[in-house]
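S.K.: Just so it is clear, I am handing over input.cif, which has mmCIF, C-alpha atoms.
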```cif
data_data
#
loop_
_atom_site.label_atom_id
_atom_site.label_comp_id
_atom_site.auth_asym_id
_atom_site.auth_seq_id
_atom_site.Cartn_x
_atom_site.Cartn_y
_atom_site.Cartn_z
CA MET A 1 0.00 0.00 0.00
CA ALA A 2 1.35 3.38 -0.96
CA THR A 3 2.25 5.82 1.79
CA PRO A 4 0.72 9.31 1.75
CA ILE A 5 4.02 10.67 0.45
CA GLU A 6 4.15 8.05 -2.32
CA GLU A 7 0.61 8.99 -3.30
CA ARG A 8 1.76 12.50 -4.12
CA GLY A 9 3.33 11.26 -7.32
CA TYR A 10 6.96 12.29 -6.82
CA ALA A 11 9.72 10.96 -9.07
CA HIS A 12 11.78 9.76 -6.08
CA PRO A 13 9.45 9.65 -3.08
CA ASP A 14 11.96 7.64 -1.03
CA VAL A 15 13.99 10.78 -0.20
CA LEU A 16 11.11 12.29 1.70
CA VAL A 17 9.90 10.78 4.97
CA SER A 18 6.99 11.73 7.17
CA THR A 19 7.06 12.82 10.79
CA ASP A 20 5.39 9.46 11.57
CA TRP A 21 8.28 7.63 9.89
CA VAL A 22 10.83 9.59 11.90
CA GLU A 23 8.98 8.93 15.14
CA GLN A 24 9.01 5.22 14.36
CA HIS A 25 12.76 5.28 13.71
CA LEU A 26 13.93 7.35 16.65
CA LYS A 27 15.73 4.37 18.14
CA ASP A 28 16.82 2.81 14.87
CA PRO A 29 20.62 2.49 15.08
CA ASN A 30 20.85 2.73 11.29
CA VAL A 31 19.15 6.12 11.24
CA ARG A 32 20.64 9.41 12.39
CA VAL A 33 18.26 12.34 12.59
CA ILE A 34 19.97 15.69 11.93
CA GLU A 35 18.57 19.13 12.69
CA SER A 36 19.91 22.01 10.59
CA ASN A 37 18.58 25.49 11.21
CA GLU A 38 19.22 29.07 10.44
CA ASP A 39 18.43 29.96 14.06
CA THR A 40 21.28 28.62 16.16
CA LEU A 41 19.20 28.71 19.34
CA LEU A 42 16.47 26.41 18.12
CA TYR A 43 18.20 23.07 18.48
CA ALA A 44 19.22 23.87 22.05
CA SER A 45 15.67 24.95 22.87
CA GLY A 46 14.35 21.48 22.01
CA HIS A 47 14.73 19.00 19.18
CA VAL A 48 13.54 15.63 17.97
CA PRO A 49 14.76 13.20 20.64
CA GLY A 50 18.10 11.75 19.66
CA ALA A 51 18.65 14.23 16.84
CA VAL A 52 22.10 15.73 16.40
CA HIS A 53 22.79 19.29 15.35
CA VAL A 54 24.66 20.15 12.16
CA ASP A 55 25.25 23.87 11.84
CA TRP A 56 25.52 25.14 8.28
CA THR A 57 28.13 27.76 9.11
CA THR A 58 30.43 25.95 11.50
CA ASP A 59 30.00 22.32 10.40
CA LEU A 60 29.51 22.50 6.63
CA ASN A 61 31.45 25.57 5.54
CA ASP A 62 35.19 26.07 5.46
CA GLN A 63 35.96 28.61 8.17
CA ILE A 64 38.36 30.65 6.04
CA ARG A 65 37.53 30.33 2.34
CA ARG A 66 34.07 30.59 0.86
CA ASP A 67 33.72 26.89 0.23
CA TYR A 68 32.54 23.71 1.86
CA ILE A 69 34.42 21.36 4.10
CA THR A 70 36.94 18.94 2.64
CA ARG A 71 36.74 15.14 2.57
CA GLU A 72 38.64 15.06 5.86
CA GLY A 73 36.25 17.57 7.37
CA PHE A 74 33.26 15.54 6.26
CA GLU A 75 34.76 12.37 7.70
CA ALA A 76 35.31 14.15 11.01
CA LEU A 77 31.74 15.47 11.00
CA MET A 78 30.26 12.04 10.31
CA SER A 79 32.44 10.50 12.98
CA LYS A 80 31.33 13.15 15.46
CA ILE A 81 27.63 12.52 14.86
CA GLY A 82 28.14 8.77 15.01
CA ALA A 83 27.25 8.04 11.40
CA THR A 84 28.80 5.31 9.29
CA ASN A 85 28.75 4.92 5.53
CA ASP A 86 25.63 2.78 6.00
CA THR A 87 23.74 5.19 8.22
CA THR A 88 20.62 6.75 6.77
CA VAL A 89 20.68 10.42 7.65
CA VAL A 90 17.38 12.27 7.94
CA PHE A 91 17.46 16.06 7.84
CA TYR A 92 14.92 18.47 9.23
CA GLY A 93 14.99 22.08 10.37
CA ASP A 94 13.44 25.50 10.54
CA LYS A 95 12.33 27.72 7.68
CA ASN A 96 10.41 24.92 5.99
CA ASN A 97 13.58 22.85 5.68
CA TRP A 98 15.74 25.43 3.91
CA TRP A 99 18.79 24.49 5.87
CA ALA A 100 17.87 20.83 5.98
CA CYS A 101 17.88 20.78 2.19
CA TYR A 102 21.09 22.77 2.16
CA ALA A 103 22.77 20.23 4.46
CA PHE A 104 21.29 17.39 2.38
CA TRP A 105 22.81 19.01 -0.72
CA VAL A 106 26.26 19.35 0.87
CA PHE A 107 26.09 15.69 1.90
CA GLN A 108 25.47 14.78 -1.74
CA LEU A 109 28.75 16.49 -2.69
CA PHE A 110 30.37 13.70 -0.69
CA GLY A 111 28.16 11.01 -2.16
CA HIS A 112 26.28 10.11 1.01
CA THR A 113 23.13 9.05 -0.81
CA LYS A 114 21.51 7.36 2.17
CA ALA A 115 19.87 10.66 2.98
CA LYS A 116 16.30 11.82 3.45
CA VAL A 117 14.40 14.94 4.43
CA MET A 118 11.59 14.93 6.99
CA ASP A 119 8.64 16.49 5.21
CA GLY A 120 7.38 19.57 7.02
CA GLY A 121 10.52 19.91 9.09
CA ARG A 122 10.53 21.36 12.53
CA LEU A 123 7.30 23.29 11.99
CA LYS A 124 5.22 20.17 11.34
CA TRP A 125 6.86 18.19 14.15
CA GLU A 126 6.09 21.00 16.60
CA LYS A 127 2.57 21.56 15.33
CA GLU A 128 1.84 17.87 15.81
CA LYS A 129 3.05 18.28 19.38
CA ARG A 130 5.46 15.40 19.09
CA ALA A 131 8.14 14.83 21.69
CA MET A 132 10.95 17.36 21.92
CA SER A 133 14.07 17.05 24.03
CA ARG A 134 16.82 19.31 25.26
CA ASP A 135 19.12 16.37 25.95
CA ILE A 136 22.16 16.45 23.72
CA PRO A 137 22.68 12.87 22.56
CA THR A 138 26.13 11.36 22.44
CA TYR A 139 27.00 8.64 19.96
CA ALA A 140 30.17 6.62 19.78
CA LYS A 141 32.56 8.05 17.23
CA THR A 142 32.64 6.15 14.01
CA LYS A 143 35.19 5.48 11.34
CA TYR A 144 33.68 7.10 8.26
CA SER A 145 35.36 6.82 4.91
CA ALA A 146 34.28 9.60 2.55
CA LYS A 147 34.86 10.02 -1.13
CA ASP A 148 36.60 13.15 -2.33
CA ARG A 149 34.06 15.90 -2.73
CA LEU A 150 32.56 15.67 -6.19
CA ASP A 151 30.90 18.99 -6.94
CA ALA A 152 30.21 18.68 -10.64
CA PRO A 153 26.92 16.73 -10.61
CA HIS A 154 25.25 18.96 -8.02
CA ARG A 155 27.08 22.25 -7.81
CA ALA A 156 27.58 25.01 -10.37
CA TYR A 157 30.40 27.51 -10.22
CA ARG A 158 30.28 30.92 -11.91
CA ASP A 159 32.15 29.59 -14.96
CA ASP A 160 29.57 26.82 -15.23
CA VAL A 161 26.78 29.40 -15.14
CA GLN A 162 28.44 31.46 -17.86
CA ALA A 163 28.87 28.37 -20.03
CA HIS A 164 25.25 27.46 -19.25
CA LEU A 165 24.17 30.91 -20.46
CA ARG A 166 25.95 30.41 -23.76
CA THR A 167 24.04 27.17 -24.35
CA GLN A 168 20.77 28.79 -23.22
CA GLY A 169 20.36 26.34 -20.37
CA GLN A 170 17.50 26.70 -17.91
CA LEU A 171 17.99 28.97 -14.91
CA VAL A 172 15.69 29.25 -11.93
CA ASP A 173 15.93 32.29 -9.68
CA VAL A 174 14.24 31.29 -6.42
CA ARG A 175 14.53 34.67 -4.65
CA SER A 176 11.66 37.02 -3.98
CA PRO A 177 10.15 38.81 -7.00
CA GLU A 178 11.63 42.09 -5.72
CA GLU A 179 15.14 40.66 -5.63
CA TYR A 180 14.63 39.18 -9.09
CA ALA A 181 13.49 42.54 -10.42
CA GLY A 182 16.42 44.29 -8.82
CA THR A 183 14.23 46.60 -6.78
CA ARG A 184 15.44 44.97 -3.57
CA MET A 185 19.04 43.96 -2.84
CA HIS A 186 18.27 41.48 -0.08
CA MET A 187 15.60 39.11 1.19
CA PRO A 188 12.59 40.78 2.80
CA ASP A 189 13.49 41.47 6.45
CA TYR A 190 17.11 40.44 5.93
CA PRO A 191 20.19 42.63 5.80
CA ASN A 192 21.89 43.47 2.54
CA GLU A 193 24.78 41.07 2.19
CA GLY A 194 26.69 43.19 -0.19
CA ALA A 195 25.68 42.68 -3.81
CA LEU A 196 26.60 45.79 -5.77
CA ARG A 197 24.07 45.24 -8.54
CA GLY A 198 20.44 44.15 -8.50
CA GLY A 199 18.52 42.07 -10.99
CA HIS A 200 18.83 38.52 -12.22
CA ILE A 201 20.89 36.31 -14.49
CA PRO A 202 19.57 36.75 -18.05
CA GLY A 203 16.92 34.26 -18.98
CA ALA A 204 16.31 33.04 -15.44
CA LYS A 205 12.75 32.14 -14.55
CA SER A 206 11.46 33.64 -11.32
CA VAL A 207 10.03 30.92 -9.13
CA PRO A 208 10.31 31.84 -5.45
CA TRP A 209 11.27 28.75 -3.48
CA ALA A 210 8.35 28.93 -1.07
CA LYS A 211 5.86 28.26 -3.86
CA ALA A 212 6.85 24.60 -3.56
CA ILE A 213 5.55 24.23 -0.03
CA ASN A 214 2.32 24.31 1.90
CA PRO A 215 2.99 27.21 4.27
CA ASP A 216 0.75 25.97 7.09
CA GLU A 217 2.79 22.85 7.74
CA GLY A 218 5.93 23.28 5.65
CA THR A 219 5.34 20.14 3.59
CA PHE A 220 6.11 19.89 -0.11
CA LYS A 221 3.17 20.28 -2.45
CA PRO A 222 2.13 17.19 -4.44
CA ALA A 223 3.80 16.48 -7.76
CA ALA A 224 0.80 17.71 -9.76
CA ASP A 225 1.05 21.15 -8.15
CA LEU A 226 4.81 21.25 -8.60
CA LYS A 227 4.48 20.25 -12.26
CA LYS A 228 2.01 23.03 -12.83
CA LEU A 229 4.29 25.52 -11.12
CA TYR A 230 7.59 24.57 -12.74
CA LEU A 231 6.69 22.79 -15.97
CA GLU A 232 3.49 24.52 -17.08
CA ASP A 233 3.56 28.01 -15.61
CA ASN A 234 7.30 28.48 -16.05
CA GLN A 235 7.97 26.21 -19.01
CA LEU A 236 10.87 24.34 -17.44
CA SER A 237 11.72 20.93 -18.82
CA PRO A 238 12.94 18.09 -16.54
CA ASP A 239 15.15 16.84 -19.36
CA LYS A 240 17.15 20.04 -19.87
CA ALA A 241 20.19 21.10 -17.88
CA THR A 242 19.03 23.42 -15.11
CA ILE A 243 20.76 25.63 -12.55
CA ALA A 244 19.00 27.08 -9.51
CA TYR A 245 20.33 30.05 -7.56
CA CYS A 246 19.34 32.51 -4.88
CA ARG A 247 21.60 34.65 -2.71
CA ILE A 248 24.09 32.21 -1.19
CA GLY A 249 22.62 28.89 -2.32
CA GLU A 250 20.46 28.05 0.68
CA ARG A 251 16.99 28.78 -0.68
CA SER A 252 18.01 27.32 -4.03
CA SER A 253 19.06 24.05 -2.40
CA HIS A 254 15.41 23.70 -1.39
CA THR A 255 14.36 24.16 -5.02
CA TRP A 256 17.23 21.89 -6.17
CA PHE A 257 15.78 19.19 -3.91
CA ALA A 258 12.26 19.69 -5.24
CA LEU A 259 13.30 19.64 -8.89
CA LYS A 260 15.76 16.75 -8.62
CA TYR A 261 13.92 14.36 -6.37
CA LEU A 262 10.27 15.33 -6.48
CA LEU A 263 10.02 16.16 -10.20
CA GLY A 264 12.95 14.06 -11.44
CA PHE A 265 15.00 16.74 -13.19
CA SER A 266 17.90 14.75 -14.60
CA ASN A 267 20.53 17.51 -14.62
CA ILE A 268 19.98 20.09 -11.93
CA ARG A 269 22.72 21.97 -10.12
CA ASN A 270 22.75 24.53 -7.34
CA TYR A 271 24.80 27.70 -7.92
CA ASP A 272 25.82 28.52 -4.35
CA GLY A 273 27.83 31.56 -5.39
CA SER A 274 24.40 32.89 -6.34
CA TRP A 275 23.59 36.58 -6.29
CA THR A 276 26.22 37.51 -3.73
CA GLU A 277 28.76 36.44 -6.35
CA TRP A 278 26.98 37.27 -9.61
CA GLY A 279 25.78 40.67 -8.41
CA ASN A 280 29.36 41.63 -7.58
CA MET A 281 31.21 40.25 -10.61
CA VAL A 282 32.65 42.67 -13.13
CA GLY A 283 31.29 42.47 -16.62
CA VAL A 284 28.73 39.69 -16.33
CA PRO A 285 25.33 40.21 -17.94
CA ILE A 286 22.39 41.19 -15.73
CA GLU A 287 18.75 41.62 -16.55
CA LYS A 288 16.26 43.72 -14.65
CA MET B 289 22.16 52.84 29.15
CA PRO B 290 19.83 51.81 32.01
CA GLU B 291 21.86 50.16 34.77
CA LYS B 292 19.99 46.85 34.90
CA LEU B 293 20.25 46.39 31.16
CA GLN B 294 23.95 47.25 31.22
CA LYS B 295 24.48 44.57 33.88
CA VAL B 296 22.79 41.97 31.71
CA ILE B 297 24.90 42.97 28.73
CA ASP B 298 28.05 42.82 30.83
CA MET B 299 27.07 39.34 31.97
CA PHE B 300 26.58 38.17 28.38
CA GLN B 301 29.96 39.62 27.41
CA MET B 302 31.64 37.30 29.90
CA PHE B 303 29.98 34.16 28.62
CA ASP B 304 31.42 31.61 26.25
CA PRO B 305 29.11 30.53 23.42
CA ALA B 306 27.64 27.57 25.29
CA ASP B 307 26.87 29.63 28.40
CA ARG B 308 25.37 32.37 26.27
CA THR B 309 23.06 29.88 24.61
CA ASP B 310 22.00 28.46 27.99
CA MET B 311 21.33 31.90 29.37
CA LEU B 312 19.28 32.94 26.35
CA LEU B 313 17.19 29.79 26.70
CA SER B 314 16.75 30.51 30.38
CA TYR B 315 15.39 33.95 29.57
CA ALA B 316 13.15 32.49 26.85
CA ASP B 317 11.76 30.00 29.37
CA GLN B 318 10.79 32.89 31.65
CA PHE B 319 8.83 34.64 28.91
CA GLN B 320 5.36 35.73 29.96
CA ASP B 321 2.69 36.36 27.39
CA VAL B 322 0.83 39.67 27.41
CA PRO B 323 -1.97 39.39 30.01
CA PRO B 324 -5.55 39.43 28.71
CA GLU B 325 -6.33 42.67 30.51
CA ILE B 326 -3.78 44.36 28.23
CA ALA B 327 -4.52 42.61 24.91
CA ARG B 328 -6.40 39.64 23.52
CA ARG B 329 -5.94 37.70 20.29
CA PRO B 330 -6.18 38.54 17.49
CA PHE B 331 -3.73 41.26 18.38
CA PRO B 332 -4.00 44.54 16.52
CA LYS B 333 -1.42 44.98 13.78
CA SER B 334 -0.58 48.39 15.24
CA HIS B 335 1.30 46.59 18.02
CA GLN B 336 3.13 44.15 15.75
CA VAL B 337 6.89 44.58 15.48
CA PRO B 338 7.74 45.17 11.83
CA GLN B 339 10.30 42.88 10.16
CA CYS B 340 10.08 40.35 12.99
CA GLU B 341 9.67 36.82 11.65
CA SER B 342 8.78 35.64 15.15
CA ASP B 343 5.54 37.57 14.97
CA ALA B 344 6.32 39.67 18.04
CA TYR B 345 3.98 42.28 19.50
CA VAL B 346 4.71 44.91 22.10
CA TRP B 347 2.56 47.08 24.35
CA ALA B 348 3.53 49.74 26.86
CA GLN B 349 1.68 51.30 29.77
CA LYS B 350 2.79 54.51 31.38
CA GLN B 351 2.23 54.52 35.12
CA ALA B 352 1.15 57.53 37.17
CA ASP B 353 4.71 58.01 38.41
CA GLY B 354 6.00 58.29 34.84
CA THR B 355 7.55 54.86 34.72
CA MET B 356 6.68 52.35 32.02
CA THR B 357 5.66 48.71 31.91
CA PHE B 358 6.14 46.61 28.80
CA TYR B 359 4.22 43.55 27.63
CA PHE B 360 5.05 41.23 24.78
CA ALA B 361 3.59 38.43 22.70
CA VAL B 362 5.56 36.13 20.42
CA GLU B 363 3.28 34.16 18.15
CA ASN B 364 5.81 32.02 16.28
CA PRO B 365 6.53 28.90 18.38
CA SER B 366 10.11 28.98 17.08
CA GLY B 367 10.58 32.54 18.27
CA ILE B 368 12.98 31.58 21.06
CA SER B 369 15.25 34.57 20.53
CA ALA B 370 12.34 36.98 20.47
CA LYS B 371 11.07 35.52 23.76
CA ALA B 372 14.54 35.82 25.32
CA LEU B 373 14.90 39.42 24.23
CA ALA B 374 11.37 40.30 25.33
CA THR B 375 12.09 38.91 28.79
CA ILE B 376 15.37 40.81 29.04
CA LEU B 377 13.71 44.06 27.95
CA ASP B 378 10.84 43.59 30.39
CA LYS B 379 13.08 42.69 33.33
CA THR B 380 15.51 45.53 32.76
CA LEU B 381 13.33 48.34 31.45
CA SER B 382 9.87 47.96 32.98
CA GLY B 383 9.67 50.26 35.98
CA LEU B 384 12.00 52.89 34.54
CA PRO B 385 11.03 56.39 33.39
CA ALA B 386 10.27 56.70 29.69
CA SER B 387 13.09 59.18 29.16
CA GLU B 388 15.64 56.63 30.38
CA ILE B 389 14.24 53.82 28.26
CA ALA B 390 14.33 56.05 25.20
CA THR B 391 18.15 56.00 25.34
CA VAL B 392 18.32 52.27 24.59
CA ASN B 393 19.36 51.47 21.05
CA CYS B 394 19.42 48.35 18.96
CA ASP B 395 23.17 47.77 19.34
CA ILE B 396 22.29 45.73 22.42
CA VAL B 397 21.06 42.91 20.15
CA GLU B 398 24.54 42.14 18.87
CA GLN B 399 26.00 42.54 22.36
CA ILE B 400 23.57 40.01 23.83
CA PHE B 401 23.21 37.45 21.06
CA ARG B 402 26.65 37.40 19.45
CA GLN B 403 27.02 34.06 17.61
CA ASN B 404 23.37 33.29 18.21
CA ILE B 405 22.22 36.06 15.95
CA SER B 406 21.31 34.64 12.57
CA MET B 407 20.76 36.51 9.34
CA GLY B 408 17.01 36.55 9.46
CA LYS B 409 16.35 37.22 13.07
CA GLY B 410 18.85 40.02 13.66
CA MET B 411 16.69 42.54 11.87
CA GLY B 412 13.59 41.42 13.77
CA LEU B 413 15.28 41.59 17.15
CA MET B 414 16.61 45.06 16.43
CA ALA B 415 13.12 46.04 15.36
CA MET B 416 11.84 44.87 18.77
CA VAL B 417 14.28 47.20 20.51
CA ASN B 418 13.35 50.02 18.17
CA ALA B 419 9.67 49.44 18.91
CA VAL B 420 10.30 49.68 22.65
CA GLN B 421 12.38 52.79 22.14
CA ALA B 422 9.66 54.37 20.01
CA LEU B 423 7.00 53.69 22.65
CA ALA B 424 9.28 55.20 25.31
CA ARG B 425 9.98 58.27 23.20
CA ALA B 426 6.28 58.77 22.56
CA ALA B 427 5.53 58.47 26.26
CA ALA B 428 8.37 60.82 27.17
CA SER B 429 7.11 63.47 24.80
CA ASN B 430 3.57 63.27 26.24
CA PRO B 431 3.98 63.94 29.95
#
```
In structure tokens, write the structure found in this file.
M.R.:
Amino acid sequence: MATPIEERGYAHPDVLVSTDWVEQHLKDPNVRVIESNEDTLLYASGHVPGAVHVDWTTDLNDQIRRDYITREGFEALMSKIGATNDTTVVFYGDKNNWWACYAFWVFQLFGHTKAKVMDGGRLKWEKEKRAMSRDIPTYAKTKYSAKDRLDAPHRAYRDDVQAHLRTQGQLVDVRSPEEYAGTRMHMPDYPNEGALRGGHIPGAKSVPWAKAINPDEGTFKPAADLKKLYLEDNQLSPDKATIAYCRIGERSSHTWFALKYLLGFSNIRNYDGSWTEWGNMVGVPIEK
Amino acid sequence: MPEKLQKVIDMFQMFDPADRTDMLLSYADQFQDVPPEIARRPFPKSHQVPQCESDAYVWAQKQADGTMTFYFAVENPSGISAKALATILDKTLSGLPASEIATVNCDIVEQIFRQNISMGKGMGLMAMVNAVQALARAAASNP
């Protein structure tokens, strides 16, 4: 019998699990639940029992260069959270799973494909009044053997985007309409992070990331709704090479997840340099 | 800077990140919702703090002796930081004259939260301080 998530018609429904599923696997030694938030206080204020915290700034990013951790860093992280190569990691977090999807995406750079996202994230778990804990779990350190980071299948650099432009590849700008239009240089209610120019990459379709979710409970919309949004209304094809971007690659990792796993886009990459890079580069084309 | 608030800031300055997190949670745990005699849901938008993703509201009452009392609501269940800040503002500013409260500025947010201030919430927390300051200024200018 199909689960409610399977009934939504996604291309790869196995990457999305329900809050029920997570609750049933809280003591499963082969599952590690990971909370990733924007708000660094949230995990400490209460989390899914047994969940570990992976912070996007301190755990996933290089602390000097603008880049992600190395293979050695990823191995150390996985060892610290008690995950082996066979552990299924399940991400959830605030902001309708922005940061959960971002962490999921970084994990894919290291080829850890036993990874899932808890549909609805922290919002749904809390709304359902499921158990929360302030206990920080400790797991025995593991010996994790990571592959070298392989960016190419999932990550686009600026040169990739410029080459993509020349071949008229699909681009999805997931920022707010005001950022896309260049009338606003930052997310609503967020500080300006320093882009010198406003607008969007030429040819990019404007599909704000949040259109993919049900705002009341943070769950992904069913495939039919997503198809209408991305394929019909915005004329994107799942078979064409596609790059998603936002400001630093966090909102666009949410869209990357939706397009790759829920709609089955075969060649979708996340441009994490995003507008904070493109909007500062000399000589690149910009549309308003 | 009001003395009680300065003491709290000085205390946060001494903390390491883990202690700061614990102390912020402790303040959040002490948060008290606006009493029904002051406001009932649905709260009027005129009391909503702009730019605050935690859906924070603030009210002020000026007492006969010229001092002020603040009340807060935080509607987003994930608004832990907003609850912590509301508690700090209430504990350190309620009971002071409006003119003294009006000197507080939003720099205190960075001084209190440090590494716990994230991109999205910093603006909202500063807006909470600005809202309190605006209420104090309005009260001070209407003796």
S.K.: Once the PyMOL selection byres ((chain B) within 9 of (chain A)) is applied to the coordinates I shared, what remains selected? I want it as a PyMOL selection string.
M.R.: chain B and resi 309-310+312-313+316+338-341+365-369+403-412
S.K.: May I have the centre and edge lengths, in Å to one decimal, of an axis-aligned box around the listed atoms of region 344-349 of chain B with 3 Å added to every side, as lines of an AutoDock Vina configuration file?
M.R.:
```
center_x = 4.0
center_y = 45.5
center_z = 23.9
size_x = 10.6
size_y = 17.6
size_z = 17.7
```
S.K.: If you count only C-alpha atoms, which residues fall within 10 Å of region 319-328 of chain B, apart from same-chain ones fewer than 6 positions away, as a PDB file with C-alpha atoms, in the frame of the given file?
M.R.:
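Result file is result22.pdb:
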```
ATOM      1  CA  LEU B 313      17.190  29.790  26.700  1.00  0.00           C
ATOM      2  CA  HIS B 335       1.300  46.590  18.020  1.00  0.00           C
ATOM      3  CA  TYR B 345       3.980  42.280  19.500  1.00  0.00           C
ATOM      4  CA  VAL B 346       4.710  44.910  22.100  1.00  0.00           C
ATOM      5  CA  TRP B 347       2.560  47.080  24.350  1.00  0.00           C
ATOM      6  CA  ALA B 348       3.530  49.740  26.860  1.00  0.00           C
ATOM      7  CA  GLN B 349       1.680  51.300  29.770  1.00  0.00           C
ATOM      8  CA  PHE B 358       6.140  46.610  28.800  1.00  0.00           C
ATOM      9  CA  TYR B 359       4.220  43.550  27.630  1.00  0.00           C
ATOM     10  CA  PHE B 360       5.050  41.230  24.780  1.00  0.00           C
ATOM     11  CA  ALA B 361       3.590  38.430  22.700  1.00  0.00           C
ATOM     12  CA  VAL B 362       5.560  36.130  20.420  1.00  0.00           C
ATOM     13  CA  GLU B 363       3.280  34.160  18.150  1.00  0.00           C
ATOM     14  CA  ILE B 368      12.980  31.580  21.060  1.00  0.00           C
ATOM     15  CA  ALA B 370      12.340  36.980  20.470  1.00  0.00           C
ATOM     16  CA  LYS B 371      11.070  35.520  23.760  1.00  0.00           C
ATOM     17  CA  ALA B 372      14.540  35.820  25.320  1.00  0.00           C
ATOM     18  CA  LEU B 373      14.900  39.420  24.230  1.00  0.00           C
ATOM     19  CA  ALA B 374      11.370  40.300  25.330  1.00  0.00           C
ATOM     20  CA  THR B 375      12.090  38.910  28.790  1.00  0.00           C
ATOM     21  CA  ILE B 376      15.370  40.810  29.040  1.00  0.00           C
ATOM     22  CA  ASP B 378      10.840  43.590  30.390  1.00  0.00           C
TER      23      ASP B 378
END
```
S.K.: Using only C-alpha atoms, which of B:Gln301, B:Ser429, B:Thr391, B:Ser342 sits nearest Leu413 (chain B)?
M.R.: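 Checking each candidate against Leu413 (chain B), we get B:Ser342 as the closest.
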S.K.: Can you list what the PyMOL selection byres ((chain A and resi 175) around 8) grabs from this structure, as a list of chain:residue names?
M.R.: A:Asp173, A:Val174, A:Ser176, A:Pro177, A:Glu179, A:Tyr180, A:Met187, A:Ser206, A:Val207, A:Pro208, A:Trp209, A:Tyr245, A:Cys246, A:Arg247, A:Arg251
S.K.: Report as a PDB file with C-alpha atoms, keeping the file's coordinate frame all protein, DNA and RNA residues lying within 10 Å of Pro285 (chain A), evaluated on all atoms listed in the file, omitting residues in the same chain fewer than 3 positions from it.
M.R.:
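Done, and the output landed in out_2.pdb:
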```pdb
ATOM      1  CA  GLN A 162      28.440  31.460 -17.860  1.00  0.00           C
ATOM      2  CA  LEU A 165      24.170  30.910 -20.460  1.00  0.00           C
ATOM      3  CA  GLY A 199      18.520  42.070 -10.990  1.00  0.00           C
ATOM      4  CA  HIS A 200      18.830  38.520 -12.220  1.00  0.00           C
ATOM      5  CA  ILE A 201      20.890  36.310 -14.490  1.00  0.00           C
ATOM      6  CA  PRO A 202      19.570  36.750 -18.050  1.00  0.00           C
ATOM      7  CA  TRP A 278      26.980  37.270  -9.610  1.00  0.00           C
ATOM      8  CA  GLY A 279      25.780  40.670  -8.410  1.00  0.00           C
ATOM      9  CA  MET A 281      31.210  40.250 -10.610  1.00  0.00           C
ATOM     10  CA  VAL A 282      32.650  42.670 -13.130  1.00  0.00           C
TER      11      VAL A 282
END
```
S.K.: As a list in words, please: the residues near region 130-139 of chain A (cut-off 7 Å, all atoms listed in the file, same-chain neighbours under 6 positions excluded).
M.R.: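 These residues fall inside the cut-off: Ala44, Ser45, Gly46, His47, Val48, Pro49, Gly50, Val52, Ile81 and Gly82 of chain A.
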S.K.: Quick one, how far is CA of Leu236 (chain A) from CA of Gly264 (chain A)?
M.R.: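 CA of Leu236 (chain A) sits 12.1 Å away from CA of Gly264 (chain A).
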S.K.: What does the distance from CA of Gln421 (chain B) to CA of Cys394 (chain B) come to in Å, to one decimal?
M.R.: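 So the two atoms, CA of Gln421 (chain B) and CA of Cys394 (chain B), lie 8.9 Å apart.
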S.K.: Would you work out the distance separating CA of Gly169 (chain A) from CA of Thr113 (chain A), expressed in Å to one decimal?
M.R.: 26.3 Å
S.K.: What does the PyMOL selection byres ((chain A and resi 89-93) around 8) select in this file, as a PyMOL selection string?
M.R.: chain A and resi 31-37+83+87-88+94-101+103-104+114-123
S.K.: Show me, as a PDB file with C-alpha atoms, in the frame of the given file, the residues that have an atom within 10 Å of Asp20 (chain A) when counting only C-alpha atoms, minus same-chain residues fewer than 2 positions from it.
M.R.:
```
ATOM      1  CA  VAL A  17       9.900  10.780   4.970  1.00  0.00           C
ATOM      2  CA  SER A  18       6.990  11.730   7.170  1.00  0.00           C
ATOM      3  CA  VAL A  22      10.830   9.590  11.900  1.00  0.00           C
ATOM      4  CA  GLU A  23       8.980   8.930  15.140  1.00  0.00           C
ATOM      5  CA  GLN A  24       9.010   5.220  14.360  1.00  0.00           C
ATOM      6  CA  HIS A  25      12.760   5.280  13.710  1.00  0.00           C
ATOM      7  CA  MET A 118      11.590  14.930   6.990  1.00  0.00           C
ATOM      8  CA  TRP A 125       6.860  18.190  14.150  1.00  0.00           C
ATOM      9  CA  ARG A 130       5.460  15.400  19.090  1.00  0.00           C
TER      10      ARG A 130
END
```
